[in-house]
Structure formats: C-alpha cells, structure tokens
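Trainee: Have a look at this one before I ask anything.
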Amino acid sequence: MKTGKKCLVIGSGISGVGSVGLLEHGNAQVTLYDSNEKLTVSAMREKLPAGSRAVCAAGEFPEALLGETETVVLSPGVPADLPLVNALRDHGAEIIGEIELGFREEKGSVAAITGTNGKTTTTTLVGEIMKAHLGEEKVFVVGNIGNPYTSECLKTSEDSVTVGEISSFQLETIRYFHPKVSAILNITPDHLDRHHTMEAYVAAKERIAMNQTKEDACVLNYENAYTREFAERCPARVVYFSSARPVEGYYLKGDKIVENLRGQERELMDIHRDMRLVGLCNVENVMAAIAVSAQMGVPMDTILRVVKEFRAVEHRIEFVACRGGVDYYNDSKGTNPDAAIQGIRAMNKPTVLIGGGYDKGSEYDEWIESFEGKVKYLVLIGQTREKIAECARKHGFDRIRFADSFQECLTLCTRLAEGGDAVLLSPACASWGMFPNYEERGRIFKEYVHGLD
C-alpha cells in the first residue's frame, strides 16, 4: 500500500475496523463510512484503535470522496452492486473486500473453505489440525468465523498457515486471493436476497479457486451437483469427498471413512466409534477437513488424533442438556433450509422443532419433506412463520404452533415435549429482526434450557 493512498472503508463492524487498522499501518489516508444514520461519528471512532487518524462519516455519503478515492474496501455485509459502490467504481476506484486486503499482506500458505453449510465446523477443525501440526503461534483462523483477516495477516510468516472460512459475500470482492488448498463443501440455495439468482450465488462460491493452478488443490463434494459440475472446469487439482460412493479422495464405506488415492485404499476411522460429532453432515465435514489438511501436508496420524478429540462447534447441532427426559439441541447456525435439514437428520427421537426468522428468499419444501418420522411439532416465530406454515400444510404437515416471542416459543416447546423427545432450535432462517445474529439466538436458547428445573 503506497504511502498516502486515499482509501475508503465501507461498514464499521469488526471487518471494517480491522481494515482501517491495516490500511493505516501502511500509511494510507483512510475514511471509514457507514450508511447507518443512527450511528454517530464519536461511536464509530470509539471502535477504532487508539491513535487512529481515520476520518469517520455516517449517514449521508460525503460526495467529495467520489472523485478522490483510490481503493474501496467493502465489509462483507455491503453488496458489491450498491449504487454507491457502482458510482465509486465508475470514478475509477478499485473495489476489494477485507479478505483481499488481508491476503495482500499474507506471507505464508492459505487453506480456504467455503460452502453453503458446514464452513464453520470444517474451518475450526482444520484450524485445530494445523495447530497440532505446526503449533498455535504458526496458525491463524480467520474470515467469516468472526476473526478479521486484516487483524492477523501482519503476524504471518513464510512457515505459517492461515485457515479461512470464506463466505460468498467475501468472495465477490477477491482479486488476487490465492489459497494453496481450497474447498467448496456444498452449494444449495441461500442468500438469494443478496445474490439475486442461483447462478450468481454459485459463481461467487466458485471464485475461491479462480487464482489456483494445478499446483494447488481444490476439495469438492462429489454428492453435490454444483460442486461436481465445477470439477470439470476447476483450475486446481480436484480431490473429492463423498458420503455415498467410492471416489478418488475420501469416502464413506459403511461406517468407515476410507482414503482412496492413486488406487490405494485404507480405512481411516469408524464414524460411530471415533467421532464425537453427530449427523451425516458432520461426517462430510470431517472428510473435507481430512482432505484439506492432508493436502496441506499434515501427517494422517496427526489429522486423525485431532478429529477423534474434536467436539461440535457452538450453535451447530450442539447438545445443550437433558431436562425432564427431553434432550435440547442448539442448531441456531441452521440459518437456511439445507443446513436445517442436516439438523433434523441428526435427531434420533421425536422432535419439537423451532423454525422461522428473517426471510432471505428461501423455499422450504425440501426442509418440510425431511420432517417425516422425525418432527412431532413445528413451533414457528418471526417474519417467515406464515410462509413456512403455508408450505408445511401444502406438504400435509399441520402440527404447527405459532409464538409471538422467543420466550413464548421456548415455553411452548417445553410444554409440547415429553420424556424421550428432543427440542431442536434449527430455524432454517437468519436471526435478523429478532436477534442481532445467530449466536445471540443460540445463547438465549441455551440460557433458557440451563434455567429449567
């Protein structure tokens, strides 16, 4: 970053604040802008590190910046096709995101993971495997997982590894980002309110491999039509994982995860005896993590030792407690129908299911169809509750209850569940509108469960 370069950061969350810090480290002239009219400049400044010289602006955009901004760094929540962003682009500004900005200071190797579902679990597991291999001080886990790349990239070295959970929003604005190993776990409809079409969403996910070559590896799910089709034009060397058939890579054979490389097969682990995670979705996440880690050069004995010790990520099919003979599971991270299907599949007893929330433009038919033989009652909350109820009735499921608040919903679930049942928070929707994020939704759920007698 050249000294004095005029840069604009849009969005004042942790990603934006991290970007400001990195840009100022490079002696850029930085303006931090947030369109939220309720924000004050003093509140924005409080988020910045001591000594920051960044100019802060909130609400109406300062038009003078249009002609003088050289680089714009978008936070993940800022669409790249906003009229303001288009205007800045038309005035010659380079448009990038926080991931791209962080990568430009990267000195080590990168493993990058995307997908509609399973990103956080797989990224966390790969991070733990890499730490066991290289040591804590040589591994940085960043991205959509909640830790900005820009806060860690200056700590990297030639022998360090950065493991990134990269969302479709972040992939829209990469330019030179080049992982040594990438992974696309799956692609199913999500965020269509942001990407507008499924084709655009798929294209955003595929960008994770756009700068890779055959010297690099891309781990793909053979059982997902989009990722399997991408393999035909992927610029990297493809390594598959599959939960249904033998492939070149890693696959599930009965209860065993098997490695199959260059015609040499070997059993690696038993999913029931050796895994602490539940559900077929987590078997797929584990296979993907094994594949990524192996391609990053980690010995298999180290990989398997960490996998066997690894527990569920918070808010993802997380067992909370048994109260009154009822098991409570927190799957607040099930923010789209496909993720929520995995939550239902992981249940092995009659389930009272909590669904509903913010409408991202999703369709719920396949989610409802997955209820058969599992879901005892569906308790609906939030903006999407009528839309989901209509879809459920269309599919012949009418054991539906409505709640006007989360507290009312939880009380109702406790009353509906009997000994031997499960209560599952797996809403198939984002939390926005009722909660600031899925973490807060999951935290309140767990707090309520722990407060039960």
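Numbering starts fresh at 1 for the residues of each chain in the structure tokens, the chains themselves are lettered A, B, ... in the order given, and ligands are numbered from 1 as they appear.
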For Asn260 of chain A, please output as an NGL selection string all residues within 8 Å (counting only C-alpha atoms; exclusion window: fewer than 5 positions along the same chain).
Mentor: :A and (246-251 or 265-266)
Trainee: Any chance you can output those residues with N, CA and C atoms as an mmCIF file, in the first residue's frame?
Mentor:
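Below you can see out-v7.cif, which holds the result:
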```
data_model
loop_
_atom_site.group_PDB
_atom_site.id
_atom_site.type_symbol
_atom_site.label_atom_id
_atom_site.label_comp_id
_atom_site.auth_asym_id
_atom_site.auth_seq_id
_atom_site.Cartn_x
_atom_site.Cartn_y
_atom_site.Cartn_z
ATOM 1 N N PRO A 246 -17.583 -44.710 -3.708
ATOM 2 C CA PRO A 246 -16.122 -44.611 -3.799
ATOM 3 C C PRO A 246 -15.721 -43.503 -4.777
ATOM 4 N N VAL A 247 -14.751 -42.703 -4.394
ATOM 5 C CA VAL A 247 -14.224 -41.638 -5.250
ATOM 6 C C VAL A 247 -12.715 -41.582 -5.067
ATOM 7 N N GLU A 248 -12.053 -40.860 -5.933
ATOM 8 C CA GLU A 248 -10.630 -40.571 -5.767
ATOM 9 C C GLU A 248 -10.514 -39.483 -4.703
ATOM 10 N N GLY A 249 -10.183 -39.885 -3.508
ATOM 11 C CA GLY A 249 -10.142 -38.952 -2.391
ATOM 12 C C GLY A 249 -10.557 -39.633 -1.105
ATOM 13 N N TYR A 250 -11.694 -39.208 -0.550
ATOM 14 C CA TYR A 250 -12.154 -39.723 0.743
ATOM 15 C C TYR A 250 -13.643 -40.015 0.659
ATOM 16 N N TYR A 251 -14.032 -41.181 1.144
ATOM 17 C CA TYR A 251 -15.451 -41.528 1.046
ATOM 18 C C TYR A 251 -15.882 -42.395 2.217
ATOM 19 N N GLU A 265 -6.284 -47.980 -1.261
ATOM 20 C CA GLU A 265 -7.331 -47.734 -0.266
ATOM 21 C C GLU A 265 -6.844 -48.082 1.137
ATOM 22 N N ARG A 266 -7.283 -47.251 2.114
ATOM 23 C CA ARG A 266 -7.056 -47.624 3.506
ATOM 24 C C ARG A 266 -8.158 -47.020 4.370
#
```
Trainee: Excluding same-chain residues fewer than 4 positions from segment 290-303 of chain A, what lies within 8 Å of it counting only C-alpha atoms, as an NGL selection string?
Mentor: :A and (111 or 126 or 129-130 or 132-133 or 180-183 or 217 or 219 or 239 or 241 or 249-250 or 286 or 307)
Trainee: Find, counting only C-alpha atoms, the residue in A:Leu304, A:Leu84, A:Val423, A:Val161 that gets nearest to Tyr33 of chain A.
Mentor: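 That would be A:Leu84, the residue with the smallest distance to Tyr33 of chain A.
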Trainee: Quick check, in Å to one decimal: how far apart do atom CA of Gly51 of chain A and atom CA of Val9 of chain A lie?
Mentor: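 Separating atom CA of Gly51 of chain A from atom CA of Val9 of chain A is a distance of 17.4 Å.
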Trainee: List the spatial neighbours of Pro76 of chain A as a PDB file with C-alpha atoms, in the first residue's frame - criterion: any atom at most 10 Å away, only C-alpha atoms, same-chain residues fewer than 2 positions off excluded.
Mentor:
```pdb
ATOM      1  CA  ILE A  10     -17.483   0.925   3.985  1.00  0.00           C
ATOM      2  CA  GLY A  11     -19.018  -0.708   7.068  1.00  0.00           C
ATOM      3  CA  GLY A  13     -18.221  -3.664  12.071  1.00  0.00           C
ATOM      4  CA  SER A  15     -14.250  -6.343   9.471  1.00  0.00           C
ATOM      5  CA  GLY A  16     -14.272  -2.636   8.679  1.00  0.00           C
ATOM      6  CA  VAL A  73     -12.695  -1.883   0.990  1.00  0.00           C
ATOM      7  CA  LEU A  74     -16.172  -3.348   1.430  1.00  0.00           C
ATOM      8  CA  VAL A  78     -22.096  -4.445   1.888  1.00  0.00           C
ATOM      9  CA  PRO A  79     -23.332  -5.625  -1.546  1.00  0.00           C
ATOM     10  CA  ALA A  80     -20.851  -5.016  -4.356  1.00  0.00           C
ATOM     11  CA  GLY A  97     -13.059  -6.685   0.312  1.00  0.00           C
ATOM     12  CA  GLU A  98     -11.425  -7.257   3.682  1.00  0.00           C
ATOM     13  CA  ILE A  99     -10.286 -10.787   2.705  1.00  0.00           C
ATOM     14  CA  GLY A 143     -12.710 -14.797   7.944  1.00  0.00           C
ATOM     15  CA  ASN A 144     -16.420 -15.423   8.282  1.00  0.00           C
ATOM     16  CA  ILE A 166     -14.800 -17.511   3.308  1.00  0.00           C
ATOM     17  CA  SER A 167     -18.409 -16.568   2.545  1.00  0.00           C
ATOM     18  CA  SER A 168     -19.924 -15.844  -0.843  1.00  0.00           C
ATOM     19  CA  PHE A 169     -20.129 -12.177   0.189  1.00  0.00           C
ATOM     20  CA  GLN A 170     -16.367 -12.112   0.783  1.00  0.00           C
ATOM     21  CA  LEU A 171     -15.596 -13.996  -2.426  1.00  0.00           C
ATOM     22  CA  GLU A 172     -17.405 -11.376  -4.527  1.00  0.00           C
ATOM     23  CA  THR A 173     -14.580  -8.910  -3.884  1.00  0.00           C
TER      24      THR A 173
END
```
Trainee: In segment 333-427 of chain A, what's strand (DSSP E or B) per DSSP? Answer as number ranges by chain?
Mentor: A: 351-355, 358, 375-380, 400-402, 422-425
Trainee: Using N, CA, C and O atoms, can you export the residues from the last selection as a PDB file, in the first residue's frame?
Mentor:
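Dumped everything to out_15.pdb:
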```pdb
ATOM      1  N   THR A 351     -39.139 -35.089  17.680  1.00  0.00           N
ATOM      2  CA  THR A 351     -38.528 -33.767  17.850  1.00  0.00           C
ATOM      3  C   THR A 351     -39.545 -32.638  17.764  1.00  0.00           C
ATOM      4  O   THR A 351     -40.345 -32.580  16.823  1.00  0.00           O
ATOM      5  N   VAL A 352     -39.481 -31.737  18.731  1.00  0.00           N
ATOM      6  CA  VAL A 352     -40.206 -30.470  18.673  1.00  0.00           C
ATOM      7  C   VAL A 352     -39.227 -29.459  18.073  1.00  0.00           C
ATOM      8  O   VAL A 352     -38.174 -29.183  18.648  1.00  0.00           O
ATOM      9  N   LEU A 353     -39.589 -28.941  16.908  1.00  0.00           N
ATOM     10  CA  LEU A 353     -38.668 -28.137  16.115  1.00  0.00           C
ATOM     11  C   LEU A 353     -39.059 -26.663  16.154  1.00  0.00           C
ATOM     12  O   LEU A 353     -40.215 -26.306  15.934  1.00  0.00           O
ATOM     13  N   ILE A 354     -38.068 -25.804  16.398  1.00  0.00           N
ATOM     14  CA  ILE A 354     -38.280 -24.354  16.354  1.00  0.00           C
ATOM     15  C   ILE A 354     -37.791 -23.841  15.010  1.00  0.00           C
ATOM     16  O   ILE A 354     -36.625 -24.046  14.627  1.00  0.00           O
ATOM     17  N   GLY A 355     -38.678 -23.176  14.252  1.00  0.00           N
ATOM     18  CA  GLY A 355     -38.327 -22.649  12.943  1.00  0.00           C
ATOM     19  C   GLY A 355     -38.798 -21.222  12.771  1.00  0.00           C
ATOM     20  O   GLY A 355     -39.627 -20.724  13.529  1.00  0.00           O
ATOM     21  N   TYR A 358     -35.880 -14.385   9.790  1.00  0.00           N
ATOM     22  CA  TYR A 358     -35.798 -13.416   8.701  1.00  0.00           C
ATOM     23  C   TYR A 358     -35.908 -14.130   7.352  1.00  0.00           C
ATOM     24  O   TYR A 358     -35.362 -15.214   7.173  1.00  0.00           O
ATOM     25  N   VAL A 375     -40.265 -35.042  13.050  1.00  0.00           N
ATOM     26  CA  VAL A 375     -40.780 -33.831  13.698  1.00  0.00           C
ATOM     27  C   VAL A 375     -42.182 -34.063  14.246  1.00  0.00           C
ATOM     28  O   VAL A 375     -43.107 -34.417  13.516  1.00  0.00           O
ATOM     29  N   LYS A 376     -42.308 -33.839  15.537  1.00  0.00           N
ATOM     30  CA  LYS A 376     -43.562 -34.039  16.255  1.00  0.00           C
ATOM     31  C   LYS A 376     -44.419 -32.772  16.204  1.00  0.00           C
ATOM     32  O   LYS A 376     -45.620 -32.825  15.961  1.00  0.00           O
ATOM     33  N   TYR A 377     -43.799 -31.638  16.459  1.00  0.00           N
ATOM     34  CA  TYR A 377     -44.448 -30.325  16.344  1.00  0.00           C
ATOM     35  C   TYR A 377     -43.460 -29.347  15.725  1.00  0.00           C
ATOM     36  O   TYR A 377     -42.240 -29.450  15.927  1.00  0.00           O
ATOM     37  N   LEU A 378     -44.004 -28.392  14.971  1.00  0.00           N
ATOM     38  CA  LEU A 378     -43.219 -27.285  14.431  1.00  0.00           C
ATOM     39  C   LEU A 378     -43.714 -26.002  15.079  1.00  0.00           C
ATOM     40  O   LEU A 378     -44.876 -25.617  14.921  1.00  0.00           O
ATOM     41  N   VAL A 379     -42.835 -25.341  15.830  1.00  0.00           N
ATOM     42  CA  VAL A 379     -43.189 -24.089  16.503  1.00  0.00           C
ATOM     43  C   VAL A 379     -42.517 -22.951  15.737  1.00  0.00           C
ATOM     44  O   VAL A 379     -41.288 -22.908  15.614  1.00  0.00           O
ATOM     45  N   LEU A 380     -43.337 -22.029  15.214  1.00  0.00           N
ATOM     46  CA  LEU A 380     -42.840 -21.006  14.294  1.00  0.00           C
ATOM     47  C   LEU A 380     -42.846 -19.609  14.905  1.00  0.00           C
ATOM     48  O   LEU A 380     -43.777 -19.226  15.604  1.00  0.00           O
ATOM     49  N   ILE A 400     -48.633 -27.571  13.761  1.00  0.00           N
ATOM     50  CA  ILE A 400     -47.939 -26.286  13.757  1.00  0.00           C
ATOM     51  C   ILE A 400     -48.455 -25.426  14.901  1.00  0.00           C
ATOM     52  O   ILE A 400     -49.653 -25.376  15.173  1.00  0.00           O
ATOM     53  N   ARG A 401     -47.536 -24.753  15.570  1.00  0.00           N
ATOM     54  CA  ARG A 401     -47.901 -23.783  16.607  1.00  0.00           C
ATOM     55  C   ARG A 401     -47.152 -22.486  16.310  1.00  0.00           C
ATOM     56  O   ARG A 401     -46.049 -22.503  15.789  1.00  0.00           O
ATOM     57  N   PHE A 402     -47.777 -21.359  16.659  1.00  0.00           N
ATOM     58  CA  PHE A 402     -47.146 -20.053  16.480  1.00  0.00           C
ATOM     59  C   PHE A 402     -46.788 -19.450  17.829  1.00  0.00           C
ATOM     60  O   PHE A 402     -47.490 -19.660  18.820  1.00  0.00           O
ATOM     61  N   ALA A 422     -36.956 -34.739  21.794  1.00  0.00           N
ATOM     62  CA  ALA A 422     -35.907 -33.726  21.679  1.00  0.00           C
ATOM     63  C   ALA A 422     -36.551 -32.398  21.308  1.00  0.00           C
ATOM     64  O   ALA A 422     -37.583 -32.364  20.639  1.00  0.00           O
ATOM     65  N   VAL A 423     -35.963 -31.318  21.756  1.00  0.00           N
ATOM     66  CA  VAL A 423     -36.319 -29.969  21.293  1.00  0.00           C
ATOM     67  C   VAL A 423     -35.120 -29.452  20.523  1.00  0.00           C
ATOM     68  O   VAL A 423     -33.995 -29.416  21.032  1.00  0.00           O
ATOM     69  N   LEU A 424     -35.357 -29.067  19.267  1.00  0.00           N
ATOM     70  CA  LEU A 424     -34.282 -28.651  18.381  1.00  0.00           C
ATOM     71  C   LEU A 424     -34.522 -27.233  17.880  1.00  0.00           C
ATOM     72  O   LEU A 424     -35.523 -26.959  17.219  1.00  0.00           O
ATOM     73  N   LEU A 425     -33.607 -26.321  18.205  1.00  0.00           N
ATOM     74  CA  LEU A 425     -33.597 -24.992  17.603  1.00  0.00           C
ATOM     75  C   LEU A 425     -32.781 -25.085  16.320  1.00  0.00           C
ATOM     76  O   LEU A 425     -31.552 -25.162  16.343  1.00  0.00           O
TER      77      LEU A 425
END
```
Trainee: For segment 35-38 of chain A, work out the shell of residues within 9 Å, counting only C-alpha atoms and skipping chain neighbours fewer than 6 positions away, then give it as a count of residues only.
Mentor: 7
Trainee: Mind pulling up the distance from atom CA of Asn117 of chain A to atom CA of Phe435 of chain A?
Mentor: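 Going from atom CA of Phe435 of chain A over to atom CA of Asn117 of chain A, I get 20.5 Å.
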Trainee: Show which residues sit within 10 Å of Lys394 of chain A, as a VMD selection string. Count only C-alpha atoms, and ignore same-chain residues fewer than 6 positions away.
Mentor: chain A and resid 365 368 388
Trainee: What residues in segment 367-421 of chain A get the DSSP label alpha helix (DSSP H)? Please answer as a PyMOL selection string.
Mentor: chain A and resi 367-369+385-394+406-416
